[in-house]
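Content type compact mmCIF, C-alpha atoms and all ligand atoms, from the file coords07.txt:
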```txt
# COMPACT_ATOMS: atom_id res chain seq x y z
CA MET M 27 -22.90 -20.49 -1.00
CA LEU M 28 -22.87 -16.97 -2.46
CA ALA M 29 -22.15 -17.11 -6.22
CA PHE M 30 -21.07 -14.35 -8.59
CA ASP M 31 -19.73 -13.98 -12.11
CA ALA M 32 -16.75 -12.10 -10.69
CA VAL M 33 -15.34 -11.37 -7.27
CA VAL M 34 -12.83 -8.60 -6.66
CA ILE M 35 -10.75 -8.97 -3.51
CA GLY M 36 -9.53 -5.68 -2.09
CA ALA M 37 -11.10 -2.22 -2.27
CA GLY M 38 -8.12 0.00 -3.01
CA PRO M 39 -7.97 1.99 -6.26
CA ALA M 40 -7.28 -1.17 -8.33
CA GLY M 41 -10.11 -3.21 -6.82
CA LEU M 42 -12.64 -0.40 -6.88
CA ASN M 43 -11.96 0.33 -10.54
CA ALA M 44 -12.07 -3.37 -11.45
CA ALA M 45 -15.47 -3.69 -9.73
CA LEU M 46 -16.74 -0.59 -11.54
CA TYR M 47 -15.75 -1.97 -14.97
CA LEU M 48 -17.15 -5.45 -14.24
CA VAL M 49 -20.54 -4.26 -13.01
CA ARG M 50 -20.89 -1.81 -15.89
CA ALA M 51 -20.35 -4.76 -18.26
CA GLY M 52 -23.35 -6.48 -16.70
CA MET M 53 -21.41 -8.98 -14.56
CA ARG M 54 -22.77 -10.00 -11.19
CA THR M 55 -19.92 -8.61 -9.15
CA ALA M 56 -18.90 -8.76 -5.51
CA LEU M 57 -16.24 -6.55 -3.96
CA ILE M 58 -14.72 -7.96 -0.80
CA GLU M 59 -13.15 -5.42 1.51
CA LYS M 60 -11.42 -6.16 4.78
CA ASN M 61 -11.08 -2.57 5.95
CA SER M 62 -12.48 0.76 4.79
CA PRO M 63 -12.28 1.26 1.01
CA GLY M 64 -9.28 3.15 -0.30
CA GLY M 65 -6.31 0.96 0.60
CA GLN M 66 -3.03 2.80 1.03
CA VAL M 67 -4.59 5.96 -0.42
CA LEU M 68 -6.47 6.32 2.87
CA SER M 69 -3.27 6.75 4.83
CA THR M 70 -1.66 9.08 2.29
CA SER M 71 -1.81 12.68 3.43
CA GLU M 72 -1.82 14.49 0.09
CA ILE M 73 -1.81 13.13 -3.48
CA GLU M 74 -0.25 15.61 -5.88
CA ASN M 75 0.23 13.51 -8.99
CA TYR M 76 -3.21 12.10 -9.77
CA LEU M 77 -4.27 13.71 -13.03
CA GLY M 78 -7.25 16.02 -12.76
CA PHE M 79 -6.45 17.43 -9.33
CA PRO M 80 -3.99 20.27 -10.06
CA LYS M 81 -4.10 21.49 -6.46
CA GLY M 82 -3.63 17.96 -5.08
CA ILE M 83 -6.21 16.05 -3.09
CA LYS M 84 -6.24 14.48 0.37
CA GLY M 85 -5.95 10.69 0.25
CA TRP M 86 -9.18 10.10 2.14
CA GLU M 87 -11.07 12.47 -0.17
CA LEU M 88 -9.90 10.61 -3.26
CA ALA M 89 -10.77 7.28 -1.61
CA ASP M 90 -14.28 8.60 -0.84
CA LEU M 91 -14.76 9.72 -4.45
CA PHE M 92 -13.60 6.33 -5.79
CA SER M 93 -15.93 4.49 -3.44
CA ALA M 94 -18.92 6.75 -4.13
CA HIS M 95 -18.44 6.15 -7.86
CA VAL M 96 -18.67 2.37 -7.37
CA ASP M 97 -21.78 2.87 -5.20
CA VAL M 98 -23.63 4.31 -8.21
CA TYR M 99 -23.85 0.71 -9.47
CA SER M 100 -25.11 -2.49 -7.88
CA VAL M 101 -21.83 -4.02 -6.79
CA GLU M 102 -22.35 -6.40 -3.87
CA ARG M 103 -20.00 -5.06 -1.20
CA ILE M 104 -18.95 -7.70 1.28
CA ARG M 105 -17.01 -6.82 4.45
CA GLY M 106 -14.81 -9.85 5.08
CA ASP M 107 -11.42 -11.48 5.14
CA VAL M 108 -10.49 -14.11 2.55
CA GLN M 109 -8.50 -16.84 4.29
CA SER M 110 -7.75 -19.10 1.33
CA MET M 111 -8.77 -19.88 -2.24
CA GLU M 112 -9.11 -23.04 -4.27
CA SER M 113 -10.16 -23.81 -7.82
CA THR M 114 -12.47 -26.67 -8.76
CA GLU M 115 -13.80 -27.99 -12.04
CA GLU M 116 -17.55 -27.31 -11.87
CA ASN M 117 -18.84 -26.99 -15.45
CA GLY M 118 -15.47 -25.39 -16.18
CA LYS M 119 -13.24 -23.66 -13.68
CA MET M 120 -14.82 -22.29 -10.51
CA HIS M 121 -12.91 -20.42 -7.80
CA ILE M 122 -13.99 -20.84 -4.20
CA LEU M 123 -13.03 -18.26 -1.57
CA HIS M 124 -13.01 -19.43 2.05
CA MET M 125 -13.89 -16.53 4.30
CA ALA M 126 -12.68 -16.05 7.88
CA GLU M 127 -16.32 -15.33 8.70
CA GLY M 128 -17.29 -18.88 7.72
CA GLU M 129 -19.26 -18.64 4.48
CA ASP M 130 -17.68 -19.63 1.16
CA ILE M 131 -18.06 -17.47 -1.94
CA LYS M 132 -17.70 -18.77 -5.48
CA ALA M 133 -17.05 -17.04 -8.79
CA ARG M 134 -15.90 -17.88 -12.31
CA ALA M 135 -13.47 -14.96 -12.31
CA VAL M 136 -11.49 -13.44 -9.46
CA VAL M 137 -9.50 -10.20 -9.46
CA ILE M 138 -6.95 -10.11 -6.65
CA ALA M 139 -6.28 -6.50 -5.68
CA THR M 140 -5.21 -6.84 -2.08
CA GLY M 141 -2.21 -4.53 -2.35
CA ALA M 142 0.68 -4.59 0.03
CA GLY M 143 1.36 -3.91 3.70
CA ASN M 144 4.17 -1.95 5.33
CA ARG M 145 7.58 -3.57 5.40
CA PRO M 146 8.78 -3.64 9.01
CA LEU M 147 12.23 -2.39 9.99
CA GLY M 148 13.04 -5.73 11.55
CA ILE M 149 14.89 -4.52 14.65
CA LYS M 150 14.02 -6.04 18.00
CA GLU M 151 12.68 -2.83 19.64
CA GLU M 152 10.18 -2.25 16.81
CA GLU M 153 7.43 -4.34 18.42
CA ILE M 154 8.00 -2.80 21.87
CA TYR M 155 7.56 0.77 20.62
CA LYS M 156 4.61 0.15 18.26
CA GLY M 157 1.98 2.63 19.42
CA LYS M 158 4.58 4.17 21.75
CA GLY M 159 6.56 6.00 19.09
CA VAL M 160 6.85 3.64 16.14
CA SER M 161 4.25 4.27 13.42
CA TYR M 162 3.65 3.37 9.78
CA CYS M 163 1.14 6.16 9.13
CA ALA M 164 2.05 9.83 9.45
CA LEU M 165 -1.47 10.89 8.58
CA CYS M 166 -2.97 8.76 11.38
CA ASP M 167 -0.40 9.46 14.10
CA GLY M 168 1.46 12.63 13.10
CA ASN M 169 -0.71 14.83 15.27
CA PHE M 170 0.46 13.04 18.45
CA TYR M 171 3.90 14.55 17.80
CA ARG M 172 2.84 18.17 17.28
CA GLY M 173 5.77 20.43 18.18
CA LEU M 174 8.15 17.50 18.85
CA ASP M 175 11.06 15.99 16.93
CA VAL M 176 10.47 12.84 14.85
CA ALA M 177 12.34 10.62 12.38
CA VAL M 178 11.23 9.01 9.13
CA VAL M 179 13.04 5.96 7.71
CA GLY M 180 13.26 5.37 3.95
CA GLY M 181 14.28 7.08 0.74
CA GLY M 182 11.30 6.42 -1.53
CA ASP M 183 8.32 8.61 -2.40
CA ALA M 184 6.36 7.55 0.66
CA ALA M 185 9.15 8.54 3.08
CA LEU M 186 9.79 11.88 1.36
CA GLU M 187 6.13 12.79 0.97
CA GLU M 188 5.24 11.92 4.54
CA ALA M 189 8.34 13.70 5.89
CA LEU M 190 7.07 16.84 4.15
CA TYR M 191 3.63 16.32 5.67
CA LEU M 192 5.12 15.84 9.15
CA SER M 193 7.30 18.95 8.78
CA ARG M 194 4.12 21.03 8.83
CA ILE M 195 3.13 19.62 12.23
CA VAL M 196 6.25 18.74 14.19
CA ASN M 197 9.30 20.75 15.25
CA LYS M 198 11.91 18.83 13.26
CA VAL M 199 12.07 15.76 11.02
CA TYR M 200 15.13 13.55 10.48
CA ILE M 201 15.03 11.41 7.34
CA ILE M 202 17.15 8.31 7.91
CA HIS M 203 18.15 6.63 4.65
CA ARG M 204 20.54 3.75 4.11
CA ARG M 205 22.45 5.27 1.18
CA GLU M 206 23.34 8.68 -0.31
CA GLY M 207 21.04 8.55 -3.37
CA PHE M 208 17.27 8.67 -3.08
CA ARG M 209 14.72 6.63 -4.97
CA GLY M 210 11.97 9.20 -4.38
CA THR M 211 10.89 11.87 -6.89
CA GLN M 212 13.17 14.88 -7.38
CA ILE M 213 10.40 17.42 -6.70
CA TYR M 214 10.05 16.10 -3.12
CA LEU M 215 13.82 16.12 -2.62
CA ASP M 216 14.09 19.71 -3.85
CA LYS M 217 11.41 20.81 -1.38
CA ILE M 218 13.14 18.95 1.45
CA ARG M 219 16.56 20.38 0.64
CA SER M 220 15.06 23.87 0.62
CA MET M 221 14.14 23.59 4.32
CA PRO M 222 17.26 22.29 6.16
CA GLU M 223 16.16 23.92 9.43
CA LYS M 224 13.00 21.74 9.40
CA ILE M 225 14.18 18.50 7.76
CA GLU M 226 17.64 16.97 8.21
CA LEU M 227 18.81 14.20 5.89
CA VAL M 228 20.71 11.49 7.78
CA THR M 229 22.08 9.45 4.89
CA SER M 230 24.14 6.23 4.63
CA SER M 231 22.61 5.37 7.99
CA VAL M 232 20.32 2.71 9.39
CA VAL M 233 18.34 2.51 12.60
CA ASP M 234 20.41 0.56 15.10
CA SER M 235 18.21 0.66 18.20
CA LEU M 236 15.48 2.60 19.99
CA GLU M 237 15.46 3.95 23.53
CA GLY M 238 13.02 5.63 25.91
CA GLU M 239 10.80 4.80 28.83
CA PRO M 240 7.84 4.33 28.65
CA THR M 241 7.70 5.82 25.14
CA LEU M 242 10.30 6.43 22.46
CA LYS M 243 12.79 9.23 23.18
CA LYS M 244 15.90 8.38 21.15
CA VAL M 245 16.63 6.78 17.79
CA ILE M 246 20.18 5.47 17.55
CA VAL M 247 21.45 5.38 13.99
CA ARG M 248 24.56 3.69 12.64
CA HIS M 249 26.59 4.89 9.67
CA VAL M 250 26.76 1.99 7.22
CA GLU M 251 30.42 2.57 6.29
CA THR M 252 32.07 3.86 9.47
CA ASN M 253 29.75 2.04 11.93
CA GLU M 254 29.77 5.27 13.93
CA LYS M 255 26.63 5.68 16.02
CA ARG M 256 24.62 8.85 16.48
CA GLU M 257 21.78 9.54 18.90
CA LEU M 258 18.82 11.41 17.44
CA SER M 259 16.40 12.89 19.90
CA ALA M 260 13.04 11.81 18.41
CA GLU M 261 9.75 10.84 20.00
CA GLY M 262 8.25 9.37 16.84
CA LEU M 263 9.69 7.02 14.23
CA PHE M 264 7.74 6.68 10.99
CA VAL M 265 8.76 3.66 8.93
CA TYR M 266 8.41 3.91 5.13
CA ILE M 267 10.76 1.30 3.71
CA GLY M 268 8.51 -0.28 1.10
CA HIS M 269 5.92 -2.99 1.18
CA ILE M 270 5.27 -6.70 1.42
CA PRO M 271 2.48 -8.25 -0.68
CA ASN M 272 -0.83 -9.22 0.95
CA ALA M 273 -1.00 -12.55 -0.85
CA GLY M 274 -0.96 -15.09 1.98
CA PHE M 275 -4.47 -16.34 1.12
CA ALA M 276 -3.81 -16.74 -2.63
CA PRO M 277 -3.42 -20.25 -4.13
CA ALA M 278 0.09 -21.70 -3.77
CA GLY M 279 0.03 -22.45 -7.51
CA LEU M 280 -0.01 -18.75 -8.46
CA GLU M 281 3.33 -17.61 -9.88
CA ARG M 282 5.08 -15.09 -7.66
CA SER M 283 8.20 -12.93 -7.89
CA GLU M 284 11.10 -13.47 -5.48
CA GLN M 285 9.53 -10.90 -3.15
CA GLY M 286 6.16 -12.69 -3.30
CA PHE M 287 4.30 -10.30 -5.65
CA LEU M 288 1.92 -11.96 -8.14
CA ILE M 289 3.13 -12.32 -11.71
CA THR M 290 0.70 -11.46 -14.50
CA ASP M 291 0.90 -10.88 -18.22
CA GLN M 292 0.14 -7.41 -19.57
CA GLU M 293 -3.58 -8.22 -19.52
CA MET M 294 -3.34 -8.85 -15.72
CA GLN M 295 -3.94 -12.60 -16.24
CA THR M 296 -2.09 -14.80 -13.74
CA ASN M 297 -0.96 -18.32 -14.62
CA ILE M 298 -4.29 -19.72 -13.34
CA PRO M 299 -7.18 -19.21 -15.82
CA GLY M 300 -9.86 -16.94 -14.36
CA ILE M 301 -7.60 -15.40 -11.72
CA PHE M 302 -6.41 -11.88 -12.46
CA ALA M 303 -4.32 -9.51 -10.33
CA ALA M 304 -4.25 -5.71 -10.24
CA GLY M 305 -2.46 -2.93 -8.36
CA ASP M 306 0.36 -3.16 -5.83
CA ILE M 307 -0.04 -6.93 -5.37
CA ARG M 308 1.46 -7.38 -8.86
CA ALA M 309 5.15 -7.71 -9.56
CA LYS M 310 5.82 -4.41 -11.35
CA LEU M 311 8.02 -1.34 -11.16
CA CYS M 312 5.66 1.61 -11.08
CA ARG M 313 3.32 1.67 -8.07
CA GLN M 314 1.12 4.73 -8.24
CA VAL M 315 -2.58 5.39 -7.69
CA CYS M 316 -2.96 5.94 -11.44
CA THR M 317 -1.25 2.65 -12.34
CA ALA M 318 -3.40 0.78 -9.79
CA VAL M 319 -6.54 2.30 -11.33
CA GLY M 320 -5.27 1.34 -14.80
CA ASP M 321 -4.47 -2.21 -13.70
CA GLY M 322 -8.01 -2.51 -12.31
CA ALA M 323 -9.52 -1.52 -15.65
CA VAL M 324 -7.28 -3.92 -17.59
CA ALA M 325 -7.90 -6.83 -15.17
CA ALA M 326 -11.67 -6.28 -15.36
CA SER M 327 -11.61 -6.07 -19.17
CA SER M 328 -9.68 -9.35 -19.31
CA ALA M 329 -12.08 -10.96 -16.83
CA ILE M 330 -15.05 -9.79 -18.91
CA ARG M 331 -13.55 -11.32 -22.06
CA TYR M 332 -12.83 -14.52 -20.14
CA LEU M 333 -16.41 -14.74 -18.80
CA GLU M 334 -17.94 -13.97 -22.20
CA HIS M 335 -15.81 -16.71 -23.73
CA LEU M 336 -17.00 -19.19 -21.06
CA ASN M 337 -20.62 -18.29 -21.73
CA ALA M 338 -20.30 -18.40 -25.54
P1 LIG F 1 9.99 2.22 -2.27
O1 LIG F 1 9.90 3.12 -3.44
O2 LIG F 1 10.21 0.77 -2.49
O3 LIG F 1 11.14 2.78 -1.32
C1 LIG F 1 11.49 2.11 -0.17
C2 LIG F 1 12.67 2.83 0.45
O4 LIG F 1 13.02 2.18 1.67
C3 LIG F 1 13.90 2.84 -0.44
O5 LIG F 1 14.53 4.07 -0.36
C4 LIG F 1 14.76 1.73 0.17
O6 LIG F 1 16.14 2.01 0.07
C5 LIG F 1 14.38 1.80 1.63
N1 LIG F 1 14.49 0.50 2.28
C6 LIG F 1 14.02 -0.70 1.84
N2 LIG F 1 14.29 -1.68 2.73
C7 LIG F 1 14.97 -1.08 3.73
C8 LIG F 1 15.52 -1.55 4.94
N3 LIG F 1 15.43 -2.84 5.30
N4 LIG F 1 16.14 -0.67 5.77
C9 LIG F 1 16.22 0.64 5.41
N5 LIG F 1 15.71 1.15 4.28
C10 LIG F 1 15.10 0.30 3.46
O7 LIG F 1 8.68 2.28 -1.33
P2 LIG F 1 7.62 3.45 -1.08
O8 LIG F 1 8.29 4.75 -0.85
O9 LIG F 1 6.71 2.94 -0.04
O10 LIG F 1 6.85 3.52 -2.44
C11 LIG F 1 6.24 2.35 -2.99
C12 LIG F 1 5.69 2.69 -4.38
O11 LIG F 1 4.63 3.63 -4.22
C13 LIG F 1 6.74 3.36 -5.26
O12 LIG F 1 6.53 2.91 -6.58
C14 LIG F 1 6.44 4.81 -5.14
O13 LIG F 1 6.82 5.58 -6.25
C15 LIG F 1 4.92 4.79 -4.94
N6 LIG F 1 4.50 5.99 -4.20
C16 LIG F 1 4.27 7.09 -4.93
C17 LIG F 1 3.90 8.25 -4.29
C18 LIG F 1 3.69 9.46 -5.13
O14 LIG F 1 4.06 9.43 -6.29
N7 LIG F 1 3.11 10.52 -4.63
C19 LIG F 1 3.77 8.30 -2.91
C20 LIG F 1 4.03 7.14 -2.18
C21 LIG F 1 4.42 6.00 -2.85
P3 LIG F 1 16.92 1.88 -1.35
O15 LIG F 1 16.48 3.04 -2.14
O16 LIG F 1 18.35 1.90 -0.94
O17 LIG F 1 16.49 0.56 -1.92
```
Can you present the structure in this file as structure tokens?
Ligand code: NAP
Amino acid sequence: MLAFDAVVIGAGPAGLNAALYLVRAGMRTALIEKNSPGGQVLSTSEIENYLGFPKGIKGWELADLFSAHVDVYSVERIRGDVQSMESTEENGKMHILHMAEGEDIKARAVVIATGAGNRPLGIKEEEIYKGKGVSYCALCDGNFYRGLDVAVVGGGDAALEEALYLSRIVNKVYIIHRREGFRGTQIYLDKIRSMPEKIELVTSSVVDSLEGEPTLKKVIVRHVETNEKRELSAEGLFVYIGHIPNAGFAPAGLERSEQGFLITDQEMQTNIPGIFAAGDIRAKLCRQVCTAVGDGAVAASSAIRYLEHLNA
């Protein structure tokens, strides 16, 4: 069985930074990544609010820089999928990760930084039109809709930011949002409101159904108060209505919020000694690249203290 002082699960900004701090403290560290490093940053078109990049930076470029920084040090990078975790008492607490690929990995400290996946709309046509109009990544799929009309669902930063990105490629963007007020940052809203010919806000409305054969042609929206329906001609529907935590593999005994995010103290310690959590997997209010990076540093520092205490 592979054994490490610390294992970090997830190679988004939180996990990469946690691995960097752990290895620099002399800990034998593994970083388990299921997909390419970068997490949600990879599918973010442009990041304008990460300090140090006054002109903004493409998500994939920032992800590459983060990953290259970790590669300066001897972090063991393992491509794999953690299926489940258990804790045993082996000269003190030991955490065992069961990998989909078969081999188990053990470590005294684990940082869970697996982030969150896209929340689905939950209407019955969503599955049918996946890859035929419904997308969760404007950066990946936006180009397929060059010159066409598309819709974005959601009123948070992701929806607003990606609607702006799409407006540079497509003919017209509808933003469908379930209420009048927006959760997203004012600077994005101001930009959007300054270009009504390119982006139309369809507020107090939800997606009722989707139509088109063989690919999406129409998004039918319903006004939440009047129940009046409106047909939007759109060949793409980009869903940005928040996230669900990627915590299915984590021990059942870990405390979670109502939405399933992991609860930690301010040092990123969960209720199980030796298990820390960082980034979007945590129950918290502010989910930004910079807060994920900060969480990673704090979780690693706590894990280092924990390991040093065990070895004392
Ligand atoms: P979010 O902030 O949670 O916003 C989700 C949006 O979807 C909200 O407007 C919500 O409406 C709406 N929504 C939720 N469930 C819905 C449903 N079932 N049907 C229709 N609409 C629904 O999620 P996010 O935009 O993905 O952002 C997640 C975090 O990442 C946030 O902390 C955000 O600030 C951060 N982020 C930051 C940036 C940036 O700063 N550049 C970019 C992307 C993301 P209500 O408002 O009515 O609840």
(request) Select all residues near (19.5, 8.9, 8.2) (cut-off 7 Å, inclusive, file coordinates), counting only C-alpha atoms, and output them as number ranges by chain. (result) M: 200-204, 227-232
Output C-alpha atoms for every residue in the selection just made, as a compact mmCIF listing (two decimals), keeping the file's coordinate frame.
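Output (out15.txt):
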```
# COMPACT_ATOMS: atom_id res chain seq x y z
CA TYR M 200 15.13 13.55 10.48
CA ILE M 201 15.03 11.41 7.34
CA ILE M 202 17.15 8.31 7.91
CA HIS M 203 18.15 6.63 4.65
CA ARG M 204 20.54 3.75 4.11
CA LEU M 227 18.81 14.20 5.89
CA VAL M 228 20.71 11.49 7.78
CA THR M 229 22.08 9.45 4.89
CA SER M 230 24.14 6.23 4.63
CA SER M 231 22.61 5.37 7.99
CA VAL M 232 20.32 2.71 9.39
```
(request) Pick out the closest residue to ligand LIG 1 (chain F) from this set: M:Leu242, M:Ala278, M:Ala304, M:Val178. Count only C-alpha atoms and all ligand atoms. (result)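 Nearest candidate to ligand LIG 1 (chain F) out of M:Leu242, M:Ala278, M:Ala304, M:Val178: M:Val178.
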(message) Let me see if you get this right: every residue at most 9 Å from ligand LIG 1 (chain F), counting only C-alpha atoms and all ligand atoms, written as number ranges by chain.
(response) M: 66-67, 70, 72-76, 144-148, 179-188, 202-211, 231-233, 265-269, 306, 310-315
Can you pull out every residue within 12 Å of Leu333 (chain M), counting only C-alpha atoms, but drop anything in the same chain fewer than 6 positions away, and send it as a PDB file with C-alpha atoms, keeping the file's coordinate frame?
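Below is the file that was written, part03.pdb:
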```pdb
ATOM      1  CA  PHE M  30     -21.070 -14.350  -8.590  1.00  0.00           C
ATOM      2  CA  ASP M  31     -19.730 -13.980 -12.110  1.00  0.00           C
ATOM      3  CA  ALA M  32     -16.750 -12.100 -10.690  1.00  0.00           C
ATOM      4  CA  LEU M  48     -17.150  -5.450 -14.240  1.00  0.00           C
ATOM      5  CA  ALA M  51     -20.350  -4.760 -18.260  1.00  0.00           C
ATOM      6  CA  GLY M  52     -23.350  -6.480 -16.700  1.00  0.00           C
ATOM      7  CA  MET M  53     -21.410  -8.980 -14.560  1.00  0.00           C
ATOM      8  CA  ARG M  54     -22.770 -10.000 -11.190  1.00  0.00           C
ATOM      9  CA  THR M  55     -19.920  -8.610  -9.150  1.00  0.00           C
ATOM     10  CA  GLY M 118     -15.470 -25.390 -16.180  1.00  0.00           C
ATOM     11  CA  LYS M 119     -13.240 -23.660 -13.680  1.00  0.00           C
ATOM     12  CA  MET M 120     -14.820 -22.290 -10.510  1.00  0.00           C
ATOM     13  CA  ALA M 133     -17.050 -17.040  -8.790  1.00  0.00           C
ATOM     14  CA  ARG M 134     -15.900 -17.880 -12.310  1.00  0.00           C
ATOM     15  CA  ALA M 135     -13.470 -14.960 -12.310  1.00  0.00           C
ATOM     16  CA  VAL M 136     -11.490 -13.440  -9.460  1.00  0.00           C
ATOM     17  CA  PRO M 299      -7.180 -19.210 -15.820  1.00  0.00           C
ATOM     18  CA  GLY M 300      -9.860 -16.940 -14.360  1.00  0.00           C
ATOM     19  CA  ILE M 301      -7.600 -15.400 -11.720  1.00  0.00           C
ATOM     20  CA  ALA M 326     -11.670  -6.280 -15.360  1.00  0.00           C
ATOM     21  CA  SER M 327     -11.610  -6.070 -19.170  1.00  0.00           C
TER      22      SER M 327
END
```
(request) Using CA of Leu263 (chain M) and CA of Tyr162 (chain M) as the two end points, give the distance in Å to one decimal. (result)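 Separating CA of Leu263 (chain M) from CA of Tyr162 (chain M) is a distance of 8.3 Å.
Nearest to Val33 (chain M) of all the residues M:Asp175, M:Glu59, M:Asp216, M:Glu226 is M:Glu59, counting only C-alpha atoms.
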(request) Take CA of Val34 (chain M) and CA of Ala94 (chain M) and report the distance between them in Å, one decimal. (result)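 CA of Ala94 (chain M) lies at a distance of 16.7 Å from CA of Val34 (chain M).
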(message) Given the point (9.8, 1.4, 17.5) in the file's coordinates, find the residues that have an atom at most 9 Å from it, counting all atoms listed in the file, and give them as a list in words.
(response)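 The residues near that point, listed by chain and number, are Leu147, Ile149, Lys150, Glu151, Glu152, Glu153, Ile154, Tyr155, Lys156, Gly157, Lys158, Gly159, Val160, Ser161, Ser235, Leu236, Glu237, Leu242, Val245, Gly262, Leu263, Phe264 and Val265 of chain M.
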